[in-house]
>>> print(open('my_file_28.cif').read())   # mmCIF, C-alpha atoms
data_run
#
loop_
_atom_site.group_PDB
_atom_site.id
_atom_site.type_symbol
_atom_site.label_atom_id
_atom_site.label_comp_id
_atom_site.auth_asym_id
_atom_site.auth_seq_id
_atom_site.Cartn_x
_atom_site.Cartn_y
_atom_site.Cartn_z
ATOM 1 C CA MET A 1 36.694 -121.273 -55.052
ATOM 2 C CA GLN A 2 36.403 -119.476 -58.377
ATOM 3 C CA ARG A 3 32.734 -120.499 -58.743
ATOM 4 C CA LEU A 4 32.069 -119.358 -55.189
ATOM 5 C CA LEU A 5 33.550 -115.914 -55.769
ATOM 6 C CA GLN A 6 31.620 -115.544 -59.035
ATOM 7 C CA ALA A 7 28.259 -116.545 -57.540
ATOM 8 C CA PRO A 8 25.506 -113.886 -57.766
ATOM 9 C CA ARG A 9 25.609 -111.502 -54.803
ATOM 10 C CA PRO A 10 22.787 -108.927 -55.007
ATOM 11 C CA GLY A 11 23.604 -105.840 -52.985
ATOM 12 C CA ILE A 12 27.331 -106.468 -53.081
ATOM 13 C CA ASP A 13 27.969 -102.808 -53.875
ATOM 14 C CA GLU A 14 26.388 -101.829 -50.552
ATOM 15 C CA VAL A 15 29.117 -103.467 -48.436
ATOM 16 C CA LEU A 16 32.043 -101.221 -47.516
ATOM 17 C CA ALA A 17 33.992 -103.336 -45.001
ATOM 18 C CA PHE A 18 33.514 -106.437 -42.856
ATOM 19 C CA TYR A 19 35.156 -108.447 -40.107
ATOM 20 C CA ASP A 20 34.940 -112.127 -39.127
ATOM 21 C CA HIS A 21 36.506 -112.869 -35.744
ATOM 22 C CA ARG A 22 37.514 -116.383 -36.840
ATOM 23 C CA VAL A 23 39.749 -114.848 -39.504
ATOM 24 C CA GLY A 24 40.839 -111.828 -37.491
ATOM 25 C CA VAL A 25 41.275 -109.307 -40.283
ATOM 26 C CA VAL A 26 39.125 -106.571 -41.839
ATOM 27 C CA GLY A 27 38.079 -107.220 -45.423
ATOM 28 C CA THR A 28 36.867 -104.847 -48.118
ATOM 29 C CA ASP A 29 36.071 -107.376 -50.880
ATOM 30 C CA PRO A 30 32.461 -108.354 -50.093
ATOM 31 C CA ARG A 31 32.755 -111.514 -52.195
ATOM 32 C CA LEU A 32 34.709 -112.918 -49.249
ATOM 33 C CA MET A 33 32.029 -112.030 -46.719
ATOM 34 C CA LEU A 34 30.761 -115.546 -45.990
ATOM 35 C CA LEU A 35 28.904 -117.047 -43.034
ATOM 36 C CA PRO A 36 29.200 -120.755 -42.013
ATOM 37 C CA LEU A 37 25.883 -122.516 -42.515
ATOM 38 C CA ASP A 38 26.400 -124.493 -39.320
ATOM 39 C CA ASP A 39 26.594 -121.336 -37.200
ATOM 40 C CA HIS A 40 23.583 -121.671 -34.907
ATOM 41 C CA MET A 41 22.847 -118.018 -35.661
ATOM 42 C CA VAL A 42 21.887 -119.102 -39.181
ATOM 43 C CA HIS A 43 19.722 -122.194 -38.707
ATOM 44 C CA ARG A 44 18.418 -121.575 -35.165
ATOM 45 C CA GLY A 45 18.292 -117.795 -34.909
ATOM 46 C CA ASP A 46 20.614 -118.203 -31.913
ATOM 47 C CA GLY A 47 22.293 -114.826 -31.905
ATOM 48 C CA VAL A 48 21.864 -111.123 -31.245
ATOM 49 C CA PHE A 49 22.783 -107.957 -33.078
ATOM 50 C CA GLU A 50 22.969 -104.173 -33.025
ATOM 51 C CA THR A 51 23.002 -101.547 -35.743
ATOM 52 C CA MET A 52 24.495 -98.078 -35.431
ATOM 53 C CA LYS A 53 25.462 -95.382 -37.900
ATOM 54 C CA PHE A 54 28.108 -92.832 -38.656
ATOM 55 C CA VAL A 55 27.492 -89.529 -40.425
ATOM 56 C CA ASP A 56 30.068 -86.912 -41.457
ATOM 57 C CA GLY A 57 32.750 -89.222 -40.093
ATOM 58 C CA LYS A 58 31.152 -89.437 -36.623
ATOM 59 C CA LEU A 59 30.049 -92.778 -35.148
ATOM 60 C CA TYR A 60 26.887 -92.249 -33.102
ATOM 61 C CA GLN A 61 25.783 -93.799 -29.819
ATOM 62 C CA MET A 62 28.205 -96.721 -29.797
ATOM 63 C CA GLU A 63 28.129 -97.030 -26.000
ATOM 64 C CA PRO A 64 24.312 -97.371 -25.675
ATOM 65 C CA HIS A 65 24.245 -99.859 -28.542
ATOM 66 C CA VAL A 66 26.982 -102.004 -27.003
ATOM 67 C CA GLU A 67 25.208 -101.829 -23.630
ATOM 68 C CA ARG A 68 22.037 -103.161 -25.239
ATOM 69 C CA LEU A 69 24.024 -105.820 -27.115
ATOM 70 C CA THR A 70 25.519 -106.875 -23.781
ATOM 71 C CA PHE A 71 22.048 -107.180 -22.267
ATOM 72 C CA SER A 72 20.769 -109.190 -25.256
ATOM 73 C CA ALA A 73 23.790 -111.511 -25.190
ATOM 74 C CA GLN A 74 23.625 -112.104 -21.447
ATOM 75 C CA SER A 75 19.890 -112.770 -21.704
ATOM 76 C CA ILE A 76 20.607 -115.780 -23.943
ATOM 77 C CA PHE A 77 23.744 -116.830 -22.002
ATOM 78 C CA LEU A 78 26.108 -115.827 -24.788
ATOM 79 C CA GLU A 79 29.601 -114.391 -24.321
ATOM 80 C CA PRO A 80 31.552 -112.806 -27.173
ATOM 81 C CA PRO A 81 34.830 -114.370 -28.337
ATOM 82 C CA CYS A 82 36.661 -111.271 -27.084
ATOM 83 C CA THR A 83 36.265 -108.695 -24.333
ATOM 84 C CA TRP A 84 33.588 -106.034 -24.678
ATOM 85 C CA ASP A 85 36.274 -103.332 -24.797
ATOM 86 C CA GLU A 86 37.998 -105.175 -27.645
ATOM 87 C CA LEU A 87 34.660 -105.360 -29.432
ATOM 88 C CA LYS A 88 34.265 -101.576 -29.206
ATOM 89 C CA THR A 89 37.730 -101.121 -30.694
ATOM 90 C CA MET A 90 36.852 -103.489 -33.545
ATOM 91 C CA ILE A 91 33.661 -101.554 -34.309
ATOM 92 C CA VAL A 92 35.659 -98.347 -34.701
ATOM 93 C CA ASP A 93 38.404 -100.075 -36.727
ATOM 94 C CA VAL A 94 35.988 -101.661 -39.207
ATOM 95 C CA SER A 95 34.107 -98.359 -39.538
ATOM 96 C CA ARG A 96 37.362 -96.583 -40.348
ATOM 97 C CA ALA A 97 38.309 -99.271 -42.877
ATOM 98 C CA ALA A 98 35.158 -98.448 -44.842
ATOM 99 C CA SER A 99 36.801 -95.134 -45.865
ATOM 100 C CA ALA A 100 33.418 -93.418 -46.049
ATOM 101 C CA GLN A 101 31.863 -90.368 -44.433
ATOM 102 C CA GLN A 102 28.603 -92.126 -43.675
ATOM 103 C CA GLY A 103 27.410 -95.673 -43.269
ATOM 104 C CA MET A 104 25.652 -98.265 -41.128
ATOM 105 C CA VAL A 105 27.475 -100.654 -38.800
ATOM 106 C CA ARG A 106 25.934 -104.058 -38.068
ATOM 107 C CA VAL A 107 27.401 -106.126 -35.224
ATOM 108 C CA LEU A 108 26.290 -109.772 -35.105
ATOM 109 C CA LEU A 109 27.101 -112.034 -32.183
ATOM 110 C CA GLY A 110 26.147 -115.679 -32.694
ATOM 111 C CA ARG A 111 26.412 -118.990 -30.877
ATOM 112 C CA GLY A 112 29.002 -119.995 -33.454
ATOM 113 C CA PRO A 113 29.581 -122.871 -35.861
ATOM 114 C CA GLY A 114 29.650 -126.454 -34.670
ATOM 115 C CA GLY A 115 26.625 -128.398 -35.877
ATOM 116 C CA PHE A 116 23.019 -128.399 -36.986
ATOM 117 C CA GLY A 117 21.337 -129.405 -33.742
ATOM 118 C CA ILE A 118 19.687 -127.246 -31.114
ATOM 119 C CA ASP A 119 22.114 -127.880 -28.253
ATOM 120 C CA ALA A 120 24.417 -124.878 -27.720
ATOM 121 C CA ARG A 121 27.146 -127.246 -26.512
ATOM 122 C CA GLU A 122 27.813 -128.085 -30.171
ATOM 123 C CA CYS A 123 29.392 -124.660 -30.530
ATOM 124 C CA PRO A 124 32.761 -124.328 -28.763
ATOM 125 C CA ARG A 125 33.101 -120.611 -29.402
ATOM 126 C CA ALA A 126 30.778 -117.713 -30.176
ATOM 127 C CA SER A 127 30.950 -116.009 -33.545
ATOM 128 C CA LEU A 128 31.376 -112.288 -34.154
ATOM 129 C CA TYR A 129 30.769 -110.474 -37.416
ATOM 130 C CA ILE A 130 30.894 -106.744 -38.088
ATOM 131 C CA VAL A 131 29.679 -105.285 -41.380
ATOM 132 C CA VAL A 132 29.730 -101.682 -42.576
ATOM 133 C CA TYR A 133 27.362 -100.882 -45.404
ATOM 134 C CA LYS A 134 25.971 -97.829 -47.122
ATOM 135 C CA LEU A 135 23.524 -95.553 -45.342
ATOM 136 C CA HIS A 136 20.429 -94.547 -47.321
ATOM 137 C CA PRO A 137 18.767 -91.788 -45.292
ATOM 138 C CA ARG A 138 15.176 -90.832 -45.927
ATOM 139 C CA PRO A 139 14.869 -87.933 -48.394
ATOM 140 C CA GLU A 140 14.376 -84.532 -46.826
ATOM 141 C CA GLU A 141 10.903 -84.444 -48.367
ATOM 142 C CA ALA A 142 9.797 -87.129 -45.892
ATOM 143 C CA TYR A 143 10.622 -84.812 -42.994
ATOM 144 C CA LYS A 144 8.884 -81.878 -44.615
ATOM 145 C CA LYS A 145 5.662 -83.696 -45.528
ATOM 146 C CA GLY A 146 5.628 -86.582 -43.061
ATOM 147 C CA VAL A 147 4.962 -90.269 -43.693
ATOM 148 C CA THR A 148 2.089 -92.736 -43.417
ATOM 149 C CA ALA A 149 1.620 -95.772 -41.197
ATOM 150 C CA SER A 150 -0.925 -98.524 -40.686
ATOM 151 C CA ARG A 151 -1.889 -101.043 -38.030
ATOM 152 C CA CYS A 152 -0.263 -104.401 -38.583
ATOM 153 C CA SER A 153 -1.987 -107.746 -38.062
ATOM 154 C CA MET A 154 1.289 -109.144 -36.706
ATOM 155 C CA PRO A 155 1.119 -109.146 -32.876
ATOM 156 C CA ALA A 156 3.841 -107.533 -30.801
ATOM 157 C CA LYS A 157 6.566 -109.677 -29.303
ATOM 158 C CA ASN A 158 6.011 -110.505 -25.652
ATOM 159 C CA GLY A 159 8.038 -109.834 -22.533
ATOM 160 C CA LEU A 160 11.726 -110.672 -22.608
ATOM 161 C CA MET A 161 11.644 -111.657 -26.289
ATOM 162 C CA ALA A 162 10.675 -108.082 -27.094
ATOM 163 C CA LYS A 163 13.641 -106.800 -25.111
ATOM 164 C CA ILE A 164 16.240 -109.064 -26.718
ATOM 165 C CA LYS A 165 17.466 -107.821 -30.084
ATOM 166 C CA SER A 166 17.821 -111.274 -31.578
ATOM 167 C CA VAL A 167 18.606 -112.143 -35.179
ATOM 168 C CA ASN A 168 15.183 -113.780 -35.462
ATOM 169 C CA TYR A 169 13.453 -110.821 -37.129
ATOM 170 C CA LEU A 170 10.790 -112.744 -39.021
ATOM 171 C CA PRO A 171 7.899 -110.861 -37.331
ATOM 172 C CA ASN A 172 9.587 -107.560 -38.227
ATOM 173 C CA VAL A 173 10.083 -108.678 -41.825
ATOM 174 C CA LEU A 174 6.401 -109.557 -42.096
ATOM 175 C CA MET A 175 5.457 -106.193 -40.585
ATOM 176 C CA LYS A 176 7.416 -104.408 -43.302
ATOM 177 C CA ARG A 177 5.827 -106.570 -45.985
ATOM 178 C CA GLU A 178 2.375 -105.719 -44.677
ATOM 179 C CA ALA A 179 3.171 -102.009 -44.742
ATOM 180 C CA VAL A 180 4.260 -102.250 -48.371
ATOM 181 C CA GLU A 181 1.171 -104.267 -49.292
ATOM 182 C CA SER A 182 -1.093 -101.693 -47.657
ATOM 183 C CA GLY A 183 0.552 -98.815 -49.501
ATOM 184 C CA CYS A 184 1.932 -97.235 -46.299
ATOM 185 C CA ASP A 185 5.466 -96.289 -45.380
ATOM 186 C CA TYR A 186 5.509 -97.931 -41.952
ATOM 187 C CA SER A 187 3.660 -100.506 -39.910
ATOM 188 C CA LEU A 188 2.825 -100.396 -36.183
ATOM 189 C CA CYS A 189 2.063 -103.440 -34.075
ATOM 190 C CA PHE A 190 -0.113 -103.785 -30.973
ATOM 191 C CA ASP A 191 -0.001 -106.245 -28.093
ATOM 192 C CA ASP A 192 -2.654 -108.857 -27.324
ATOM 193 C CA GLN A 193 -4.601 -106.313 -25.241
ATOM 194 C CA GLY A 194 -4.778 -103.838 -28.089
ATOM 195 C CA PHE A 195 -2.109 -101.410 -26.892
ATOM 196 C CA LEU A 196 0.503 -99.839 -29.163
ATOM 197 C CA ALA A 197 3.951 -101.461 -29.031
ATOM 198 C CA GLU A 198 6.381 -100.439 -31.806
ATOM 199 C CA GLY A 199 7.179 -100.316 -35.494
ATOM 200 C CA ALA A 200 9.083 -102.905 -37.493
ATOM 201 C CA VAL A 201 12.438 -101.317 -36.617
ATOM 202 C CA GLU A 202 11.253 -98.117 -34.947
ATOM 203 C CA ASN A 203 9.943 -96.977 -31.607
ATOM 204 C CA VAL A 204 6.941 -94.666 -31.563
ATOM 205 C CA CYS A 205 5.647 -91.951 -29.266
ATOM 206 C CA ILE A 206 2.810 -89.444 -29.470
ATOM 207 C CA VAL A 207 2.153 -85.896 -28.330
ATOM 208 C CA ASP A 208 -1.347 -85.808 -26.846
ATOM 209 C CA ASP A 209 -3.889 -82.980 -26.924
ATOM 210 C CA ARG A 210 -2.476 -81.640 -23.639
ATOM 211 C CA GLY A 211 1.010 -81.277 -25.076
ATOM 212 C CA ARG A 212 2.476 -84.254 -23.237
ATOM 213 C CA VAL A 213 4.901 -86.728 -24.796
ATOM 214 C CA ILE A 214 3.412 -90.194 -24.318
ATOM 215 C CA VAL A 215 5.631 -93.230 -24.799
ATOM 216 C CA PRO A 216 3.938 -96.645 -24.979
ATOM 217 C CA GLU A 217 4.981 -98.865 -22.091
ATOM 218 C CA LEU A 218 8.065 -100.741 -23.222
ATOM 219 C CA SER A 219 6.977 -104.086 -21.755
ATOM 220 C CA ASN A 220 6.354 -105.437 -25.291
ATOM 221 C CA ALA A 221 8.801 -103.313 -27.266
ATOM 222 C CA LEU A 222 12.532 -102.887 -27.654
ATOM 223 C CA THR A 223 13.979 -100.036 -25.594
ATOM 224 C CA GLY A 224 15.309 -97.906 -28.420
ATOM 225 C CA THR A 225 18.594 -96.056 -28.084
ATOM 226 C CA THR A 226 17.264 -93.283 -30.333
ATOM 227 C CA LEU A 227 14.018 -93.036 -28.373
ATOM 228 C CA MET A 228 15.764 -92.651 -25.031
ATOM 229 C CA ARG A 229 18.196 -90.052 -26.363
ATOM 230 C CA ALA A 230 15.460 -88.097 -28.162
ATOM 231 C CA LEU A 231 13.483 -87.774 -24.936
ATOM 232 C CA ASP A 232 16.393 -85.717 -23.576
ATOM 233 C CA ALA A 233 15.452 -83.067 -26.139
ATOM 234 C CA VAL A 234 12.163 -82.353 -24.353
ATOM 235 C CA THR A 235 12.653 -83.542 -20.770
ATOM 236 C CA GLY A 236 12.229 -80.592 -18.433
ATOM 237 C CA ASP A 237 10.233 -78.582 -20.954
ATOM 238 C CA MET A 238 7.374 -81.015 -21.556
ATOM 239 C CA PRO A 239 5.815 -83.765 -19.446
ATOM 240 C CA VAL A 240 7.002 -87.222 -20.546
ATOM 241 C CA LEU A 241 4.838 -90.188 -19.558
ATOM 242 C CA PHE A 242 5.228 -93.913 -20.129
ATOM 243 C CA ARG A 243 1.764 -95.457 -20.310
ATOM 244 C CA LYS A 244 -0.477 -97.652 -22.426
ATOM 245 C CA VAL A 245 -1.508 -96.136 -25.775
ATOM 246 C CA THR A 246 -4.621 -97.166 -27.683
ATOM 247 C CA GLU A 247 -5.375 -96.819 -31.362
ATOM 248 C CA ASN A 248 -7.844 -94.063 -30.512
ATOM 249 C CA ASP A 249 -5.049 -92.157 -28.731
ATOM 250 C CA ILE A 250 -3.190 -92.112 -32.029
ATOM 251 C CA TYR A 251 -6.112 -90.538 -33.889
ATOM 252 C CA LEU A 252 -6.476 -87.849 -31.197
ATOM 253 C CA ALA A 253 -2.763 -87.037 -31.002
ATOM 254 C CA ARG A 254 -1.199 -83.766 -32.074
ATOM 255 C CA GLU A 255 1.848 -85.677 -33.266
ATOM 256 C CA VAL A 256 2.837 -89.275 -33.901
ATOM 257 C CA ILE A 257 6.616 -89.680 -34.013
ATOM 258 C CA LEU A 258 8.745 -92.599 -35.206
ATOM 259 C CA LEU A 259 12.242 -92.893 -33.761
ATOM 260 C CA GLY A 260 15.088 -95.057 -35.014
ATOM 261 C CA THR A 261 18.785 -95.171 -35.840
ATOM 262 C CA THR A 262 18.347 -94.525 -39.558
ATOM 263 C CA ILE A 263 15.494 -92.024 -39.458
ATOM 264 C CA ASP A 264 16.187 -90.137 -36.200
ATOM 265 C CA ALA A 265 12.716 -88.618 -35.607
ATOM 266 C CA LEU A 266 10.036 -88.728 -38.311
ATOM 267 C CA SER A 267 6.407 -87.590 -38.221
ATOM 268 C CA VAL A 268 3.472 -89.839 -39.113
ATOM 269 C CA VAL A 269 0.770 -87.606 -40.594
ATOM 270 C CA ARG A 270 -1.721 -90.323 -41.557
ATOM 271 C CA PHE A 271 -2.510 -93.545 -39.708
ATOM 272 C CA ASN A 272 -4.703 -96.152 -41.383
ATOM 273 C CA LYS A 273 -5.242 -93.444 -44.024
ATOM 274 C CA LYS A 274 -6.843 -91.139 -41.441
ATOM 275 C CA PRO A 275 -5.283 -87.711 -40.793
ATOM 276 C CA ILE A 276 -3.271 -86.980 -37.670
ATOM 277 C CA HIS A 277 -4.035 -83.459 -36.376
ATOM 278 C CA ASP A 278 -3.295 -80.970 -39.205
ATOM 279 C CA VAL A 279 -1.544 -83.583 -41.402
ATOM 280 C CA ARG A 280 1.819 -81.832 -41.039
ATOM 281 C CA PRO A 281 5.019 -82.697 -39.145
ATOM 282 C CA GLY A 282 4.841 -81.138 -35.706
ATOM 283 C CA PRO A 283 7.305 -79.071 -33.658
ATOM 284 C CA VAL A 284 8.241 -81.832 -31.208
ATOM 285 C CA SER A 285 9.295 -84.174 -33.998
ATOM 286 C CA LYS A 286 11.387 -81.418 -35.569
ATOM 287 C CA ARG A 287 12.938 -80.551 -32.228
ATOM 288 C CA MET A 288 13.884 -84.158 -31.535
ATOM 289 C CA ARG A 289 15.450 -84.570 -34.963
ATOM 290 C CA GLN A 290 17.540 -81.417 -34.675
ATOM 291 C CA PHE A 291 18.662 -82.474 -31.213
ATOM 292 C CA LEU A 292 19.792 -85.892 -32.490
ATOM 293 C CA ILE A 293 21.643 -84.388 -35.457
ATOM 294 C CA GLN A 294 23.472 -81.932 -33.223
ATOM 295 C CA ASP A 295 24.174 -84.601 -30.627
ATOM 296 C CA LEU A 296 25.911 -86.716 -33.271
ATOM 297 C CA ARG A 297 28.047 -83.737 -34.300
ATOM 298 C CA ASP A 298 28.952 -82.908 -30.698
ATOM 299 C CA ASN A 299 29.369 -86.377 -29.197
ATOM 300 C CA GLY A 300 29.963 -88.849 -32.029
ATOM 301 C CA ILE A 301 33.251 -90.757 -32.178
ATOM 302 C CA THR A 302 35.525 -89.255 -34.834
ATOM 303 C CA LEU A 303 36.572 -91.933 -37.320
ATOM 304 C CA SER A 304 39.229 -90.043 -39.261
ATOM 305 C CA SER A 305 42.720 -91.029 -38.156
#
>>> encode(input="my_file_28.cif", output="structure tokens")
Amino acid sequence: MQRLLQAPRPGIDEVLAFYDHRVGVVGTDPRLMLLPLDDHMVHRGDGVFETMKFVDGKLYQMEPHVERLTFSAQSIFLEPPCTWDELKTMIVDVSRAASAQQGMVRVLLGRGPGGFGIDARECPRASLYIVVYKLHPRPEEAYKKGVTASRCSMPAKNGLMAKIKSVNYLPNVLMKREAVESGCDYSLCFDDQGFLAEGAVENVCIVDDRGRVIVPELSNALTGTTLMRALDAVTGDMPVLFRKVTENDIYLAREVILLGTTIDALSVVRFNKKPIHDVRPGPVSKRMRQFLIQDLRDNGITLSS
């Protein structure tokens, strides 16, 4: 036990609080944050997850995240070891236990421990883990100057597998690696017909030369909670269309906008090293970001007791 607790744990300072449903208590010593190797989530990728954030003591968009987690879990015939309402309470409790004003909350729902085979019947009960860790927001300079992106060689996930937020994120990991190798900040993938899908952990939309917000069809992309909320910032004032987007559409766009839990809304000003419009963050991206920030302040769940 002593050797186990003294084993190297890179990133241990990032963990603020955690919960393992098997144990039933919230922990704040990350050396005790351990996952059974025979949990099918580990060796088969048989599990789903969600990530949300809290800023200034306000937990943001918990309901949409839990709704998507419910969809992902039901899609793989997985039920949590508690009720969904109890799960929501646990998310808030673990977030409060972190004793921080900002952080990220990762909820992992797995098939559970029980063996090293592929048959789910090995696992008598699903596993549930909740981890709160430090939030590292992009520097304000990124929003002032914009970021870069490139086309990834990794193909988009297909159909239902794109809709399920499973723990098997190997394609996303490789997308991020390719972005780093290419010297860009982000990577965008395309489906097998050459149409834009999504980023590694971000949705993407464009503003075309007619001032319309164009969202790539979500048939091969995750339906992002941030994307759907950000569209409320412009709905009614600007046309919003869901349609196929080509690489050429990106080059002709007035704005290319990334949307995600950590970044809110962020402008891509160069794609494949080519300039987008005037190579500056545009007004729609700024509007979406301000809307999301204010929405968190107005509607986030207060964590202080």
>>> atom_distance(input="my_file_28.cif", atom1="CA of Ser153 (chain A)", atom2="CA of Met175 (chain A)")
8.0 Å
>>> atom_distance(input="my_file_28.cif", atom1="CA of Lys286 (chain A)", atom2="CA of Leu196 (chain A)")
22.3 Å
>>> atom_distance(input="my_file_28.cif", atom1="CA of Phe116 (chain A)", atom2="CA of Met161 (chain A)")
22.9 Å
>>> resolve_selection(input="my_file_28.cif", expression="the PyMOL selection byres ((chain A and resi 9-21) around 6)", output="number ranges by chain")
A: 8, 22-24, 26-28, 98, 128-134
>>> residues_around(input="my_file_28.cif", residues="region 74-88 of chain A", least_positions_apart="3", cutoff="8 Å", atoms="only C-alpha atoms", output="PyMOL selection string")
chain A and resi 21+62+66+70-71+91-92+109-111+125-128+164
>>> closest_residue(input="my_file_28.cif", among="A:Ala179, A:Val201, A:Met228, A:Leu258", to="Pro64 (chain A)", atoms="all atoms listed in the file")
A:Met228
>>> closest_residue(input="my_file_28.cif", among="A:Cys184, A:Leu218, A:Val234, A:Ala253", to="Thr148 (chain A)", atoms="only C-alpha atoms")
A:Cys184
>>> resolve_selection(input="my_file_28.cif", expression="the PyMOL selection byres ((chain A and resi 244) around 6)", output="list in words")
Pro216, Glu217, Arg243 and Val245 of chain A
>>> closest_residue(input="my_file_28.cif", among="A:Thr261, A:Ser182, A:Ser187, A:Thr246", to="Lys53 (chain A)", atoms="all atoms listed in the file")
A:Thr261
>>> residues_near_point(input="my_file_28.cif", point="(31.3, -87.7, -45.1)", cutoff="7 Å", atoms="all atoms listed in the file", output="list in words")
Val55, Asp56, Gly57, Ala100, Gln101 and Gln102 of chain A
>>> resolve_selection(input="my_file_28.cif", expression="the PyMOL selection byres ((chain A and resi 172-174) around 12)", output="count of residues only")
32
>>> closest_residue(input="my_file_28.cif", among="A:Phe190, A:Phe291, A:Tyr143, A:Phe54", to="Val269 (chain A)", atoms="all atoms listed in the file")
A:Tyr143
>>> closest_residue(input="my_file_28.cif", among="A:Lys163, A:Leu34, A:Val25, A:Leu231", to="Leu4 (chain A)", atoms="all atoms listed in the file")
A:Leu34
>>> residues_around(input="my_file_28.cif", residues="Pro124 (chain A)", least_positions_apart="2", cutoff="8 Å", atoms="all atoms listed in the file", output="list in words")
Gly112, Pro113, Gly114, Arg121, Glu122 and Ala126 of chain A
>>> closest_residue(input="my_file_28.cif", among="A:Val256, A:Leu37, A:Leu296, A:Leu303", to="Arg280 (chain A)", atoms="only C-alpha atoms")
A:Val256
>>> closest_atom_pairs(input="my_file_28.cif", of="region 120-214 of chain A", to="region 272-277 of chain A", cutoff="8 Å", atoms="all atoms listed in the file", output="Markdown table")
| residue | atom | partner | partner_atom | distance |
| --- | --- | --- | --- | --- |
| A:Thr148 | CA | A:Lys273 | CA | 7.4 |
| A:Ala149 | CA | A:Asn272 | CA | 6.3 |
| A:Ser150 | CA | A:Asn272 | CA | 4.5 |
| A:Arg151 | CA | A:Asn272 | CA | 6.6 |
